[in-house]
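Visitor: I am sharing work_31.txt, which consists of compact mmCIF, C-alpha atoms and all ligand atoms:
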```
# COMPACT_ATOMS: atom_id res chain seq x y z
CA MET A 96 0.00 0.00 0.00
CA THR A 97 1.33 3.42 -0.93
CA GLU A 98 1.44 5.96 1.87
CA ARG A 99 -0.14 8.72 -0.17
CA ILE A 100 -3.84 8.46 -0.83
CA ASP A 101 -5.02 10.26 -3.93
CA PRO A 102 -8.35 11.97 -4.48
CA GLY A 103 -10.95 9.32 -5.23
CA GLY A 104 -9.79 7.34 -2.18
CA THR A 105 -12.00 6.79 0.83
CA ILE A 106 -11.31 8.17 4.29
CA GLY A 107 -12.84 6.28 7.21
CA ILE A 108 -13.97 8.50 10.10
CA LEU A 109 -14.61 6.98 13.51
CA GLY A 110 -17.31 9.05 15.16
CA GLY A 111 -20.15 10.97 13.57
CA GLY A 112 -20.53 14.27 15.46
CA GLN A 113 -20.07 17.79 14.16
CA LEU A 114 -16.30 17.34 13.93
CA GLY A 115 -16.85 14.33 11.65
CA ARG A 116 -19.36 16.30 9.64
CA LEU A 117 -17.01 19.23 9.02
CA LEU A 118 -14.19 16.78 8.29
CA ALA A 119 -16.30 14.93 5.71
CA LEU A 120 -17.10 18.25 4.02
CA ALA A 121 -13.40 19.13 3.86
CA ALA A 122 -12.62 15.69 2.40
CA ALA A 123 -15.27 16.14 -0.27
CA LYS A 124 -13.78 19.50 -1.23
CA LEU A 125 -10.48 17.75 -1.97
CA GLY A 126 -12.13 14.95 -3.96
CA TYR A 127 -12.16 12.20 -1.32
CA HIS A 128 -15.02 9.93 -0.33
CA THR A 129 -15.78 9.40 3.33
CA HIS A 130 -17.16 6.48 5.31
CA VAL A 131 -18.42 7.37 8.78
CA PHE A 132 -18.52 4.68 11.48
CA CYS A 133 -20.78 5.76 14.32
CA SER A 134 -22.75 3.98 17.02
CA GLU A 135 -25.80 6.24 16.65
CA THR A 136 -28.19 6.62 13.73
CA GLY A 137 -28.84 10.05 12.27
CA CYS A 138 -25.54 11.47 13.52
CA PRO A 139 -24.49 14.89 12.10
CA ALA A 140 -21.75 13.43 9.87
CA SER A 141 -24.04 10.80 8.36
CA PHE A 142 -25.91 13.44 6.33
CA VAL A 143 -22.79 14.55 4.44
CA ALA A 144 -20.60 11.42 4.27
CA THR A 145 -20.47 9.20 1.20
CA HIS A 146 -21.09 6.01 3.20
CA ASN A 147 -22.19 5.24 6.73
CA THR A 148 -21.95 2.31 9.10
CA CYS A 149 -24.03 2.44 12.24
CA ALA A 150 -22.68 -0.20 14.63
CA SER A 151 -21.06 -0.60 18.00
CA TYR A 152 -17.30 0.02 18.30
CA ASP A 153 -16.83 -3.60 19.36
CA ASP A 154 -18.78 -5.09 16.45
CA HIS A 155 -15.96 -7.02 14.76
CA ASN A 156 -17.89 -7.84 11.60
CA ALA A 157 -18.89 -4.22 11.10
CA LEU A 158 -15.33 -3.01 11.82
CA ASP A 159 -13.83 -5.51 9.35
CA ALA A 160 -16.32 -4.54 6.66
CA PHE A 161 -15.60 -0.84 7.31
CA ALA A 162 -11.83 -1.39 7.16
CA GLY A 163 -12.27 -3.27 3.89
CA GLN A 164 -13.88 -0.26 2.24
CA ILE A 165 -11.50 2.54 3.26
CA ASP A 166 -7.91 3.57 2.46
CA VAL A 167 -7.07 5.32 5.72
CA ALA A 168 -8.88 5.81 9.04
CA THR A 169 -9.01 8.75 11.40
CA PHE A 170 -11.21 9.69 14.36
CA GLU A 171 -13.18 12.68 15.53
CA PHE A 172 -13.26 11.82 19.25
CA GLU A 173 -10.46 10.41 21.36
CA ASN A 174 -12.22 7.80 23.45
CA VAL A 175 -12.04 5.19 20.71
CA PRO A 176 -11.44 1.77 22.32
CA ALA A 177 -7.92 0.34 21.87
CA GLN A 178 -9.26 -2.89 20.34
CA THR A 179 -11.20 -0.92 17.72
CA VAL A 180 -8.10 0.94 16.61
CA ALA A 181 -5.97 -2.23 16.63
CA ARG A 182 -8.47 -4.11 14.48
CA ILE A 183 -8.68 -1.35 11.88
CA ALA A 184 -4.91 -0.77 11.94
CA ASP A 185 -4.43 -4.41 10.89
CA ALA A 186 -6.09 -3.55 7.58
CA VAL A 187 -5.36 0.13 6.84
CA PRO A 188 -3.26 2.97 8.30
CA VAL A 189 -4.88 4.74 11.27
CA ARG A 190 -3.75 8.36 11.40
CA PRO A 191 -3.01 9.71 13.98
CA SER A 192 -1.75 6.45 15.44
CA TRP A 193 -2.76 4.62 18.61
CA LYS A 194 0.13 6.23 20.50
CA ALA A 195 -1.48 9.68 20.33
CA LEU A 196 -4.86 8.34 21.36
CA GLU A 197 -3.48 6.26 24.20
CA ILE A 198 -1.81 9.29 25.77
CA ALA A 199 -4.77 11.64 25.20
CA GLN A 200 -7.18 9.13 26.77
CA ASP A 201 -5.45 9.23 30.15
CA ARG A 202 -4.78 12.48 32.01
CA ALA A 203 -1.90 10.95 33.98
CA LYS A 204 -0.13 9.71 30.82
CA GLU A 205 -0.84 13.05 29.19
CA LYS A 206 0.78 15.06 32.00
CA ALA A 207 3.80 12.73 32.03
CA PHE A 208 4.08 13.15 28.26
CA PHE A 209 4.15 16.94 28.52
CA ALA A 210 6.73 16.79 31.31
CA ASP A 211 8.87 14.62 28.99
CA ILE A 212 8.78 17.26 26.26
CA GLY A 213 9.63 20.03 28.71
CA ALA A 214 6.16 21.60 28.94
CA ALA A 215 4.87 22.55 32.38
CA THR A 216 1.46 21.56 33.74
CA ALA A 217 -0.28 22.47 37.01
CA PRO A 218 1.16 20.48 39.94
CA TRP A 219 -0.57 17.09 40.01
CA ARG A 220 -0.61 13.65 41.59
CA PRO A 221 -2.20 10.35 40.51
CA VAL A 222 -4.92 9.22 42.93
CA HIS A 223 -6.32 5.70 43.41
CA SER A 224 -7.74 5.95 46.93
CA LEU A 225 -8.92 8.35 49.60
CA ASP A 226 -5.55 7.97 51.38
CA GLU A 227 -3.74 8.92 48.19
CA LEU A 228 -6.10 11.86 47.73
CA ALA A 229 -5.29 13.14 51.23
CA ALA A 230 -1.54 12.84 50.49
CA ALA A 231 -2.02 14.49 47.09
CA LEU A 232 -3.85 17.42 48.69
CA ARG A 233 -0.90 17.94 51.03
CA ALA A 234 1.47 17.94 48.05
CA VAL A 235 -0.62 20.01 45.62
CA ASP A 236 -2.45 22.21 48.17
CA THR A 237 -5.93 23.71 47.82
CA PRO A 238 -7.84 24.79 45.89
CA ALA A 239 -7.40 21.78 43.63
CA ILE A 240 -9.43 19.87 41.07
CA LEU A 241 -10.00 16.12 41.25
CA LYS A 242 -10.43 14.79 37.72
CA THR A 243 -11.20 11.33 36.50
CA ALA A 244 -8.16 10.16 34.56
CA ARG A 245 -10.25 8.75 31.73
CA LEU A 246 -13.45 9.51 29.87
CA GLY A 247 -14.04 12.98 31.30
CA TYR A 248 -15.05 15.79 28.98
CA ASP A 249 -16.67 19.23 29.14
CA GLY A 250 -16.11 19.29 32.91
CA LYS A 251 -17.70 15.89 33.54
CA GLY A 252 -15.82 13.89 36.17
CA GLN A 253 -14.27 17.04 37.74
CA ILE A 254 -14.69 18.16 41.35
CA LEU A 255 -13.30 21.37 42.80
CA ILE A 256 -11.83 20.83 46.28
CA GLU A 257 -11.65 24.12 48.18
CA ASN A 258 -10.51 22.65 51.46
CA ALA A 259 -8.61 19.47 52.42
CA THR A 260 -11.47 18.54 54.77
CA ASP A 261 -13.68 18.03 51.69
CA ALA A 262 -11.51 15.13 50.46
CA ALA A 263 -13.82 12.32 51.61
CA SER A 264 -16.96 13.81 50.05
CA ALA A 265 -15.14 14.57 46.79
CA TRP A 266 -13.76 11.03 46.63
CA SER A 267 -17.15 9.47 47.29
CA GLN A 268 -18.77 11.73 44.67
CA LEU A 269 -16.21 10.66 42.05
CA THR A 270 -16.26 6.95 42.90
CA ASN A 271 -20.07 6.87 42.90
CA ASP A 272 -20.37 8.50 39.50
CA GLN A 273 -21.74 5.62 37.41
CA THR A 274 -20.82 7.32 34.14
CA LEU A 275 -17.08 7.06 34.84
CA ASP A 276 -14.66 4.26 34.07
CA SER A 277 -13.49 2.95 37.45
CA SER A 278 -11.54 0.04 35.92
CA ALA A 279 -8.84 2.31 34.55
CA ALA A 280 -5.67 2.96 36.56
CA PRO A 281 -4.78 5.47 37.78
CA PHE A 282 -8.38 6.29 38.41
CA ALA A 283 -8.03 10.04 38.98
CA VAL A 284 -5.57 12.89 39.09
CA LEU A 285 -5.52 15.75 41.55
CA GLU A 286 -4.49 18.99 39.90
CA GLY A 287 -3.66 22.34 41.48
CA PHE A 288 -6.20 25.02 40.61
CA VAL A 289 -4.59 27.45 38.16
CA LYS A 290 -5.44 31.14 38.64
CA PHE A 291 -5.07 31.77 34.94
CA THR A 292 -5.38 35.13 33.21
CA SER A 293 -6.56 33.43 30.02
CA GLU A 294 -7.00 30.05 28.37
CA ILE A 295 -5.46 29.53 24.95
CA SER A 296 -5.04 26.72 22.46
CA VAL A 297 -2.80 25.93 19.52
CA ILE A 298 -3.54 23.44 16.76
CA ALA A 299 -0.49 21.81 15.18
CA ALA A 300 -0.62 19.76 12.01
CA ARG A 301 2.09 17.29 11.03
CA GLY A 302 2.29 15.64 7.62
CA LEU A 303 3.51 12.21 6.54
CA ASP A 304 6.82 13.85 5.60
CA GLY A 305 7.25 15.23 9.15
CA GLN A 306 6.53 18.82 8.15
CA THR A 307 4.76 20.74 10.96
CA GLN A 308 2.47 23.78 10.66
CA CYS A 309 0.69 25.54 13.52
CA PHE A 310 -2.33 27.79 13.58
CA GLU A 311 -1.61 30.76 15.80
CA PRO A 312 -2.75 30.74 19.45
CA VAL A 313 -6.37 31.63 20.15
CA GLU A 314 -8.11 32.59 23.36
CA ASN A 315 -10.90 30.44 24.74
CA VAL A 316 -13.62 31.34 27.21
CA HIS A 317 -15.57 28.50 28.84
CA LYS A 318 -18.96 28.73 30.50
CA ASN A 319 -20.04 25.85 32.73
CA HIS A 320 -16.93 23.95 31.53
CA VAL A 321 -18.11 24.15 27.90
CA LEU A 322 -16.32 26.28 25.29
CA HIS A 323 -18.30 29.49 24.79
CA THR A 324 -16.10 31.66 22.54
CA THR A 325 -12.78 31.43 20.74
CA THR A 326 -11.09 34.69 19.80
CA ALA A 327 -8.35 34.91 17.20
CA PRO A 328 -5.74 36.12 17.73
CA ALA A 329 -5.23 35.58 21.46
CA ASN A 330 -4.47 38.72 23.44
CA ILE A 331 -1.05 37.50 24.66
CA SER A 332 2.52 38.66 24.27
CA SER A 333 4.58 37.42 21.34
CA ALA A 334 6.86 35.60 23.81
CA THR A 335 3.89 33.72 25.28
CA ALA A 336 2.60 32.93 21.79
CA LYS A 337 6.02 31.57 20.82
CA THR A 338 6.14 29.36 23.90
CA ALA A 339 2.63 28.02 23.20
CA VAL A 340 3.38 27.26 19.55
CA GLY A 341 6.66 25.61 20.56
CA ILE A 342 4.81 23.27 22.93
CA ALA A 343 2.29 22.24 20.26
CA GLU A 344 5.10 21.64 17.74
CA ARG A 345 7.08 19.53 20.20
CA ALA A 346 3.97 17.53 21.06
CA ALA A 347 3.32 16.78 17.38
CA GLU A 348 6.95 15.73 16.88
CA ALA A 349 7.11 13.57 20.01
CA LEU A 350 3.88 11.79 19.06
CA ASN A 351 5.30 11.21 15.57
CA LEU A 352 1.92 12.58 14.62
CA VAL A 353 0.32 12.28 11.22
CA GLY A 354 -2.71 14.50 11.58
CA ILE A 355 -3.54 17.37 13.91
CA VAL A 356 -3.38 17.92 17.64
CA ALA A 357 -5.01 20.69 19.69
CA VAL A 358 -3.15 21.66 22.86
CA GLU A 359 -5.12 23.61 25.49
CA MET A 360 -3.09 25.79 27.84
CA PHE A 361 -3.47 28.23 30.71
CA VAL A 362 -1.64 31.57 30.66
CA THR A 363 -0.64 32.78 34.11
CA SER A 364 -0.27 36.35 35.36
CA TYR A 365 3.50 36.30 34.77
CA GLY A 366 3.00 35.14 31.15
CA GLY A 367 3.87 31.51 31.89
CA VAL A 368 2.17 28.72 29.97
CA LEU A 369 0.82 25.57 31.65
CA VAL A 370 -0.61 22.76 29.53
CA ASN A 371 -4.11 21.63 30.44
CA GLU A 372 -4.76 18.85 27.92
CA MET A 373 -4.50 17.81 24.29
CA ALA A 374 -6.77 16.26 21.68
CA PRO A 375 -5.27 14.57 18.59
CA ARG A 376 -8.28 15.42 16.40
CA PRO A 377 -10.19 18.45 15.12
CA HIS A 378 -11.09 20.73 18.02
CA ASN A 379 -13.93 23.11 18.79
CA SER A 380 -11.37 25.89 19.36
CA GLY A 381 -10.26 25.45 15.74
CA HIS A 382 -13.61 26.16 14.08
CA TRP A 383 -12.62 29.78 13.50
CA THR A 384 -10.01 28.56 11.00
CA LEU A 385 -12.80 27.63 8.56
CA ASP A 386 -13.44 31.29 7.81
CA ALA A 387 -10.47 33.32 9.04
CA CYS A 388 -7.48 31.39 7.63
CA GLN A 389 -6.06 30.39 4.28
CA THR A 390 -6.65 26.78 5.25
CA ASP A 391 -8.64 25.25 8.07
CA GLN A 392 -8.07 22.54 10.65
CA PHE A 393 -10.24 19.99 8.81
CA THR A 394 -8.55 20.47 5.43
CA GLN A 395 -5.16 20.34 7.15
CA LEU A 396 -6.09 17.01 8.75
CA ILE A 397 -7.24 15.55 5.41
CA ARG A 398 -4.02 16.73 3.76
CA ALA A 399 -1.91 15.21 6.56
CA ILE A 400 -3.54 11.76 6.64
CA CYS A 401 -3.64 11.50 2.84
CA GLY A 402 0.05 12.36 2.50
CA LEU A 403 -0.54 15.68 0.72
CA PRO A 404 1.63 18.70 1.50
CA LEU A 405 0.28 20.82 4.36
CA ALA A 406 -1.00 24.32 3.66
CA GLU A 407 0.37 27.42 5.33
CA PRO A 408 -2.20 28.18 8.04
CA LEU A 409 -2.07 31.95 7.73
CA ARG A 410 -4.83 34.06 9.30
CA HIS A 411 -6.32 36.71 7.03
CA SER A 412 -8.94 38.06 9.48
CA ASN A 413 -9.62 38.42 13.16
CA ALA A 414 -12.39 36.14 14.34
CA VAL A 415 -14.70 35.42 17.24
CA MET A 416 -16.31 31.99 17.18
CA THR A 417 -19.34 31.47 19.43
CA ASN A 418 -20.90 28.07 20.07
CA LEU A 419 -24.65 27.87 19.59
CA LEU A 420 -25.90 25.69 22.41
CA GLY A 421 -29.33 24.13 22.86
CA GLU A 422 -32.21 26.36 21.84
CA GLY A 423 -29.65 29.07 20.96
CA ILE A 424 -29.67 27.49 17.50
CA ASN A 425 -33.14 28.97 16.97
CA ASN A 426 -31.93 32.55 17.51
CA VAL A 427 -29.58 33.03 14.59
CA ASP A 428 -31.45 35.57 12.49
CA GLU A 429 -29.20 38.40 13.73
CA TYR A 430 -26.19 36.43 12.48
CA TYR A 431 -27.77 35.76 9.09
CA ALA A 432 -28.37 39.50 8.79
CA ASP A 433 -24.70 40.27 9.45
CA PRO A 434 -22.44 39.75 6.42
CA ALA A 435 -19.41 39.33 8.72
CA CYS A 436 -20.98 36.24 10.29
CA HIS A 437 -20.57 32.66 9.10
CA VAL A 438 -23.24 30.37 10.52
CA TYR A 439 -22.85 26.58 10.87
CA VAL A 440 -25.76 24.31 11.82
CA TYR A 441 -24.85 20.72 12.67
CA GLY A 442 -28.19 19.09 11.81
CA LYS A 443 -28.95 17.67 15.26
CA SER A 444 -32.66 17.17 15.83
CA ASP A 445 -32.83 17.44 19.61
CA ALA A 446 -31.76 20.88 20.98
CA ARG A 447 -31.07 19.71 24.53
CA PRO A 448 -29.83 22.40 26.94
CA GLY A 449 -26.06 22.83 26.60
CA ARG A 450 -25.82 20.63 23.48
CA LYS A 451 -23.53 21.95 20.73
CA MET A 452 -26.00 22.59 17.90
CA GLY A 453 -23.91 24.90 15.71
CA HIS A 454 -21.51 27.79 15.81
CA VAL A 455 -21.08 31.24 14.33
CA THR A 456 -17.84 32.96 13.42
CA ARG A 457 -17.80 36.73 13.13
CA LEU A 458 -14.87 38.14 11.13
CA SER A 459 -13.26 41.54 11.39
CA ALA A 460 -10.20 43.21 9.89
CA ARG A 461 -6.91 41.50 10.70
CA THR A 462 -4.77 42.91 13.49
CA ASN A 463 -1.67 41.33 14.97
CA THR A 464 -3.02 41.14 18.51
P1 LIG A 501 -10.79 20.18 31.03
O1 LIG A 501 -11.89 19.20 30.85
O2 LIG A 501 -9.64 19.64 31.80
O3 LIG A 501 -10.40 20.83 29.74
O4 LIG A 501 -11.39 21.36 31.92
C1 LIG A 501 -12.47 22.18 31.46
C2 LIG A 501 -12.26 23.59 31.95
O5 LIG A 501 -12.22 23.61 33.39
C3 LIG A 501 -10.94 24.22 31.52
O6 LIG A 501 -11.01 24.73 30.23
C4 LIG A 501 -10.80 25.31 32.58
O7 LIG A 501 -11.64 26.41 32.32
C5 LIG A 501 -11.28 24.59 33.83
N1 LIG A 501 -10.12 23.92 34.48
C6 LIG A 501 -9.71 22.66 34.26
N2 LIG A 501 -8.60 22.38 35.00
C7 LIG A 501 -8.30 23.48 35.70
C8 LIG A 501 -7.26 23.83 36.63
N3 LIG A 501 -6.32 22.95 37.00
N4 LIG A 501 -7.27 25.08 37.15
C9 LIG A 501 -8.21 25.99 36.79
N5 LIG A 501 -9.23 25.72 35.93
C10 LIG A 501 -9.28 24.49 35.36
```
Written as structure tokens, how would this file's structure read?
Ligand code: AMP

Guide:
Amino acid sequence: MTERIDPGGTIGILGGGQLGRLLALAAAKLGYHTHVFCSETGCPASFVATHNTCASYDDHNALDAFAGQIDVATFEFENVPAQTVARIADAVPVRPSWKALEIAQDRAKEKAFFADIGAATAPWRPVHSLDELAAALRAVDTPAILKTARLGYDGKGQILIENATDAASAWSQLTNDQTLDSSAAPFAVLEGFVKFTSEISVIAARGLDGQTQCFEPVENVHKNHVLHTTTAPANISSATAKTAVGIAERAAEALNLVGIVAVEMFVTSYGGVLVNEMAPRPHNSGHWTLDACQTDQFTQLIRAICGLPLAEPLRHSNAVMTNLLGEGINNVDEYYADPACHVYVYGKSDARPGRKMGHVTRLSARTNT
């Protein structure tokens, strides 16, 4: 099998949410077919992909049939089971590889990985028991955040501990949360609470030839642990921006990445950068690139995994991306009326409170900060 996949080839996408949908659209633009594998019917990506398989991630027959019809596989969420990736990787290249997923799936491995590449994180300790939590609180100090090591997202599986005397109730709350994976070790991490001045992220792309390109740092504001807005460019010093880009580049290199990785970071009052987490897939904080850059995160990912040269990810406009959550998707007329706004609707039928239903990016004239 040649490493480069030419237009006309089929890209398999594990996961069918809005990231898969926007990825399938980018693939189509470059002449590729897509095959979405998702465990739910009527998922956002299914309406725009060339082919769909709706089956469980442990359905071997469905996985084998899927792998038989694609030239390369990628994923739009990082909690893909190891066995699923291994089975597909027996038949076709999976890009990014299992190594990137394995690290991103486990907060403890992730923090160790960033330490290895010389990137600082908040002080942290692995925690498997209440005794270990008490010791970790002495080492990390309060306030601190107890986070499940695996399967947490959008603030799920996170408990703020203001005082060491709250350790027992926090531990019981985490261990009684039925939605979390208690079989994984280490079960949780305790992280020092960072009094950040801003949150930023950088998306790095790395091609089959090892070439790396980064989108510039953007500033993210979360509400209720869910991304609310992304502003490009981030209002940070050029030294801080350089540090942040350097971390994302080193992460991509160290993972031997073929694809893209989003690295989320905290900026502290003295301009220091602490890594929060990474995602080796398209990222909500990269949606602004669709309208404000010469290329976008989805196209860059398709180029990387198909062995095409990467594009230069230059920004031609300033941008503010706002997520449209829940019923907010029904109040977009003001955005349609504004020629600077680019509206995206993900095609989800049920506008549950807090659910990501779409986003809007408002452009303005480019400035450097
Ligand atoms: P995460 O799921 O780890 O990305 O956390 C979601 C959000 O919670 C982050 O974007 C921050 O706004 C906040 N957060 C997470 N960890 C910390 C921390 N150690 N200190 C302060 N805020 C945090």

Visitor: Mind pulling up the distance from atom CA of A:Gly421 to atom CA of A:Met452?

Guide: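 Separation of atom CA of A:Met452 and atom CA of A:Gly421: 6.2 Å.
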
Visitor: What separation in Å, quoted to one decimal, exists between atom CA of A:Asn463 and atom CA of A:Pro377?

Guide: 24.4 Å

Visitor: Between atom CA of A:Ile400 and atom CA of A:Pro191, what distance in Å does the model show, to one decimal?

Guide: 7.6 Å

Visitor: Which residues come within 6 Å of stretch 321-331 of chain A, counting all atoms listed in the file, excluding same-chain residues fewer than 5 positions away, as a PyMOL selection string?

Guide: chain A and resi 249+312-316+380+413-418+464

Visitor: Restricting the calculation to only C-alpha atoms and all ligand atoms, which member of A:Thr363, A:Thr169, A:Gln178, A:Ser332 is positioned closest to ligand LIG 501 (chain A)?

Guide: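 Looking at the shortest contact to ligand LIG 501 (chain A), the residue is A:Thr363.
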
Visitor: Return the single residue from A:Ile100, A:Leu458, A:Ala199, A:Ala230 that is closest to ligand LIG 501 (chain A), with distances computed using all atoms listed in the file.

Guide: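 Looking at the shortest contact to ligand LIG 501 (chain A), the residue is A:Ala199.
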
Visitor: A:Leu109, A:Leu158, A:Val189, A:Leu125: which is nearest A:Ala140, counting only C-alpha atoms?

Guide: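 When distances to A:Ala140 are compared using only C-alpha atoms, the smallest one comes from A:Leu109.
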
Visitor: Pick out the closest residue to A:Val187 from this set: A:Pro218, A:Glu98, A:Gly112, A:Ala210. Count all atoms listed in the file.

Guide: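 Ranked by minimum distance to A:Val187, first place goes to A:Glu98.
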
Visitor: List all protein, DNA and RNA residues that have an atom no more than 9 Å from any atom of ligand LIG 501 (chain A), counting all atoms listed in the file, and report them as a PyMOL selection string.

Guide: chain A and resi 202+216-219+238-242+247-253+255+285-291+293-294+315-322+359-361+371-373

Visitor: What lies within 8 Å of A:Ala346 using only C-alpha atoms, ignoring chain neighbours under 3 positions off, as a PyMOL selection string?

Guide: chain A and resi 209+212+342-343+349-350

Visitor: Which one is closest to A:Glu311: A:Trp383, A:Phe282, A:Tyr365, A:Phe393? Count all atoms listed in the file.

Guide: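 Under the stated criterion, the closest residue is A:Trp383.
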
Visitor: Complete stretch 121-128 of chain A with all heavy atoms (output as a PDB file, in the coordinates of the input).

Guide:
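Saved to rebuild_19.pdb:
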```pdb
ATOM      1  N   ALA A 121     -14.744  18.761   4.324  1.00  0.00           N
ATOM      2  CA  ALA A 121     -13.400  19.130   3.860  1.00  0.00           C
ATOM      3  C   ALA A 121     -12.834  18.062   2.931  1.00  0.00           C
ATOM      4  O   ALA A 121     -12.180  18.370   1.922  1.00  0.00           O
ATOM      5  CB  ALA A 121     -12.467  19.336   5.064  1.00  0.00           C
ATOM      6  N   ALA A 122     -13.097  16.798   3.244  1.00  0.00           N
ATOM      7  CA  ALA A 122     -12.620  15.690   2.400  1.00  0.00           C
ATOM      8  C   ALA A 122     -13.262  15.781   1.019  1.00  0.00           C
ATOM      9  O   ALA A 122     -12.589  15.617  -0.012  1.00  0.00           O
ATOM     10  CB  ALA A 122     -12.946  14.357   3.067  1.00  0.00           C
ATOM     11  N   ALA A 123     -14.555  16.065   1.011  1.00  0.00           N
ATOM     12  CA  ALA A 123     -15.270  16.140  -0.270  1.00  0.00           C
ATOM     13  C   ALA A 123     -14.692  17.257  -1.141  1.00  0.00           C
ATOM     14  O   ALA A 123     -14.540  17.114  -2.360  1.00  0.00           O
ATOM     15  CB  ALA A 123     -16.754  16.377  -0.014  1.00  0.00           C
ATOM     16  N   LYS A 124     -14.343  18.353  -0.499  1.00  0.00           N
ATOM     17  CA  LYS A 124     -13.780  19.500  -1.230  1.00  0.00           C
ATOM     18  C   LYS A 124     -12.501  19.104  -1.960  1.00  0.00           C
ATOM     19  O   LYS A 124     -12.199  19.602  -3.041  1.00  0.00           O
ATOM     20  CB  LYS A 124     -13.483  20.617  -0.213  1.00  0.00           C
ATOM     21  CG  LYS A 124     -13.419  22.000  -0.768  1.00  0.00           C
ATOM     22  CD  LYS A 124     -13.378  23.042   0.351  1.00  0.00           C
ATOM     23  CE  LYS A 124     -12.071  22.993   1.108  1.00  0.00           C
ATOM     24  NZ  LYS A 124     -11.988  23.961   2.211  1.00  0.00           N
ATOM     25  N   LEU A 125     -11.744  18.176  -1.359  1.00  0.00           N
ATOM     26  CA  LEU A 125     -10.480  17.750  -1.970  1.00  0.00           C
ATOM     27  C   LEU A 125     -10.652  16.504  -2.844  1.00  0.00           C
ATOM     28  O   LEU A 125      -9.670  15.910  -3.285  1.00  0.00           O
ATOM     29  CB  LEU A 125      -9.431  17.499  -0.888  1.00  0.00           C
ATOM     30  CG  LEU A 125      -8.936  18.754  -0.160  1.00  0.00           C
ATOM     31  CD1 LEU A 125      -7.935  18.390   0.924  1.00  0.00           C
ATOM     32  CD2 LEU A 125      -8.300  19.743  -1.139  1.00  0.00           C
ATOM     33  N   GLY A 126     -11.893  16.065  -3.036  1.00  0.00           N
ATOM     34  CA  GLY A 126     -12.130  14.950  -3.960  1.00  0.00           C
ATOM     35  C   GLY A 126     -12.093  13.571  -3.320  1.00  0.00           C
ATOM     36  O   GLY A 126     -11.990  12.564  -4.023  1.00  0.00           O
ATOM     37  N   TYR A 127     -12.163  13.502  -2.011  1.00  0.00           N
ATOM     38  CA  TYR A 127     -12.160  12.200  -1.320  1.00  0.00           C
ATOM     39  C   TYR A 127     -13.576  11.775  -0.958  1.00  0.00           C
ATOM     40  O   TYR A 127     -14.455  12.620  -0.726  1.00  0.00           O
ATOM     41  CB  TYR A 127     -11.314  12.264  -0.040  1.00  0.00           C
ATOM     42  CG  TYR A 127      -9.844  12.455  -0.329  1.00  0.00           C
ATOM     43  CD1 TYR A 127      -9.282  13.733  -0.326  1.00  0.00           C
ATOM     44  CD2 TYR A 127      -9.033  11.374  -0.649  1.00  0.00           C
ATOM     45  CE1 TYR A 127      -7.945  13.921  -0.605  1.00  0.00           C
ATOM     46  CE2 TYR A 127      -7.696  11.549  -0.943  1.00  0.00           C
ATOM     47  CZ  TYR A 127      -7.151  12.824  -0.924  1.00  0.00           C
ATOM     48  OH  TYR A 127      -5.831  13.000  -1.213  1.00  0.00           O
ATOM     49  N   HIS A 128     -13.776  10.478  -0.881  1.00  0.00           N
ATOM     50  CA  HIS A 128     -15.020   9.930  -0.330  1.00  0.00           C
ATOM     51  C   HIS A 128     -14.806   9.718   1.163  1.00  0.00           C
ATOM     52  O   HIS A 128     -13.665   9.570   1.631  1.00  0.00           O
ATOM     53  CB  HIS A 128     -15.356   8.593  -0.997  1.00  0.00           C
ATOM     54  CG  HIS A 128     -15.449   8.683  -2.480  1.00  0.00           C
ATOM     55  ND1 HIS A 128     -16.431   9.409  -3.118  1.00  0.00           N
ATOM     56  CD2 HIS A 128     -14.671   8.162  -3.459  1.00  0.00           C
ATOM     57  CE1 HIS A 128     -16.262   9.329  -4.424  1.00  0.00           C
ATOM     58  NE2 HIS A 128     -15.182   8.581  -4.666  1.00  0.00           N
TER      59      HIS A 128
END
```
